[in-house]
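A short worksheet on the structure shown next.
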Amino acid sequence: MLGMVVRFIVSALVLIVVSWLSPGFVVKGGFIGALIAAVVIAILGYIAESLLGDRVSPQRRGLVGFITAAVVIYLAQFIIPNLLNVSIFGALISAFIIGLIDAVVPTAVR
């Protein structure tokens, strides 16, 4: 349980950093908004992985995983429109930045 809390805190911090770096990707509501966005993105990612299989999981990122991550980020804004605003270009850039950050600072607790 503690590992999951740490994972969401790290994910929220990553979203804040991505919001600063990526044009077209805005997280509103400060840290709490980023934390809620991280939870929504994690749930949508879990649903996508359940439907599409392992090839879209973060551990097996390729082109399909990258596109899936961008779509998940883009769709999250429709669930929490007051906390997340993302353009298509912003979703692509943020998926790339999140992938780079995840390679250095993995958000999954192993």
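If you're wondering about the labels, chains in the structure tokens are A, B, ... by order shown, residues count from 1 in each chain, ligands from 1 in order shown.
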
Within 12 Å of A:Leu21, counting only C-alpha atoms, which residues qualify if same-chain residues fewer than 3 places away don't, as a PyMOL selection string?
chain A and resi 14-18+24-27+90+93-98+101

Residue nearest A:Ala12 among A:Gly65, A:Leu35, A:Gly45, A:Gly30 (counting only C-alpha atoms):
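Looking at the shortest contact to A:Ala12, the residue is A:Leu35.
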
A:Ile36, A:Gly62, A:Ser11, A:Val6 ranked by distance to A:Leu84, top pick (using only C-alpha atoms)
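Among A:Ile36, A:Gly62, A:Ser11, A:Val6, it is A:Ile36 that comes nearest to A:Leu84.
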
Using DSSP on the backbone, list every residue of chain A that comes out as helix (DSSP H, G or I), and give them as a ChimeraX atom specification.
/A:2-21,30-52,54-56,58-60,63-79,88-104

Atom CA of A:Ala48 and atom CA of A:Ile67 are how many Å apart?
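Those two atoms sit 11.4 Å apart.
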
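With only C-alpha atoms as the atoms that count, the minimum distance from A:Leu63 to the choices A:Ala38, A:Phe89, A:Ile79, A:Gly99 is reached by A:Gly99.
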
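All residues of chain A that DSSP, run on the backbone, classes as strand (DSSP E) are Phe25, Val26, Val27, Leu84, Asn85 and Val86 of chain A.
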
Skipping near chain neighbours, those fewer than 2 positions away, what residues fall within 12 Å of A:Val5 using only C-alpha atoms, listed as number ranges by chain?
A: 1-3, 7-12, 35, 38-39, 107-109

Go ahead and write the selection's residues with N, CA, C and O atoms as a CSV table (one decimal), in the first residue's frame.
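Dumped to again34.csv:
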```
chain,number,residue,atom,x,y,z
A,1,MET,N,0.8,-1.2,0.0
A,1,MET,CA,0.0,0.0,0.0
A,1,MET,C,0.9,1.3,0.0
A,1,MET,O,0.6,2.2,-0.7
A,2,LEU,N,1.9,1.3,0.8
A,2,LEU,CA,2.8,2.4,0.9
A,2,LEU,C,3.5,2.6,-0.5
A,2,LEU,O,3.7,3.7,-0.9
A,3,GLY,N,3.8,1.5,-1.2
A,3,GLY,CA,4.5,1.6,-2.5
A,3,GLY,C,3.6,2.3,-3.5
A,3,GLY,O,4.0,3.0,-4.3
A,7,ARG,N,4.3,5.7,-5.5
A,7,ARG,CA,4.2,5.7,-6.9
A,7,ARG,C,3.3,6.9,-7.4
A,7,ARG,O,3.7,7.6,-8.4
A,8,PHE,N,2.2,7.1,-6.8
A,8,PHE,CA,1.3,8.2,-7.2
A,8,PHE,C,1.9,9.6,-6.9
A,8,PHE,O,1.7,10.5,-7.7
A,9,ILE,N,2.6,9.7,-5.8
A,9,ILE,CA,3.3,11.0,-5.5
A,9,ILE,C,4.3,11.3,-6.5
A,9,ILE,O,4.4,12.4,-7.0
A,10,VAL,N,5.1,10.3,-6.9
A,10,VAL,CA,6.2,10.5,-7.9
A,10,VAL,C,5.5,10.8,-9.2
A,10,VAL,O,6.0,11.7,-9.9
A,11,SER,N,4.5,10.1,-9.6
A,11,SER,CA,3.8,10.3,-10.8
A,11,SER,C,3.2,11.8,-10.9
A,11,SER,O,3.3,12.4,-11.9
A,12,ALA,N,2.7,12.2,-9.8
A,12,ALA,CA,2.1,13.6,-9.7
A,12,ALA,C,3.3,14.6,-9.9
A,12,ALA,O,3.1,15.6,-10.6
A,35,LEU,N,-2.0,15.0,-8.6
A,35,LEU,CA,-2.2,13.7,-8.0
A,35,LEU,C,-3.5,13.1,-8.6
A,35,LEU,O,-3.5,11.9,-8.9
A,38,ALA,N,-2.8,12.0,-12.0
A,38,ALA,CA,-2.0,10.8,-12.0
A,38,ALA,C,-2.8,9.5,-11.8
A,38,ALA,O,-2.6,8.5,-12.5
A,39,VAL,N,-3.8,9.7,-10.9
A,39,VAL,CA,-4.7,8.5,-10.6
A,39,VAL,C,-5.6,8.2,-11.9
A,39,VAL,O,-5.7,7.1,-12.3
A,107,THR,N,8.5,5.0,-12.1
A,107,THR,CA,7.4,5.2,-11.2
A,107,THR,C,6.8,3.9,-10.6
A,107,THR,O,6.1,3.9,-9.6
A,108,ALA,N,7.2,2.8,-11.2
A,108,ALA,CA,6.7,1.5,-10.7
A,108,ALA,C,7.6,1.0,-9.6
A,108,ALA,O,8.8,1.1,-9.7
A,109,VAL,N,7.0,0.6,-8.5
A,109,VAL,CA,7.7,0.1,-7.4
A,109,VAL,C,8.1,-1.4,-7.7
A,109,VAL,O,7.2,-2.2,-7.9
```

If you measure from atom CA of A:Val64 to atom CA of A:Phe78, what distance in Å do you get, rounded to one decimal?
21.9 Å

Work out how far atom CA of A:Gly53 is from atom CA of A:Ile73, in Å to one decimal.
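According to the coordinates, atom CA of A:Ile73 and atom CA of A:Gly53 are separated by 18.1 Å.
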
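Ranking A:Ala37, A:Val71, A:Ala76, A:Val104 by their shortest atom-to-atom distance to A:Ile88, with only C-alpha atoms included, puts A:Val71 first.
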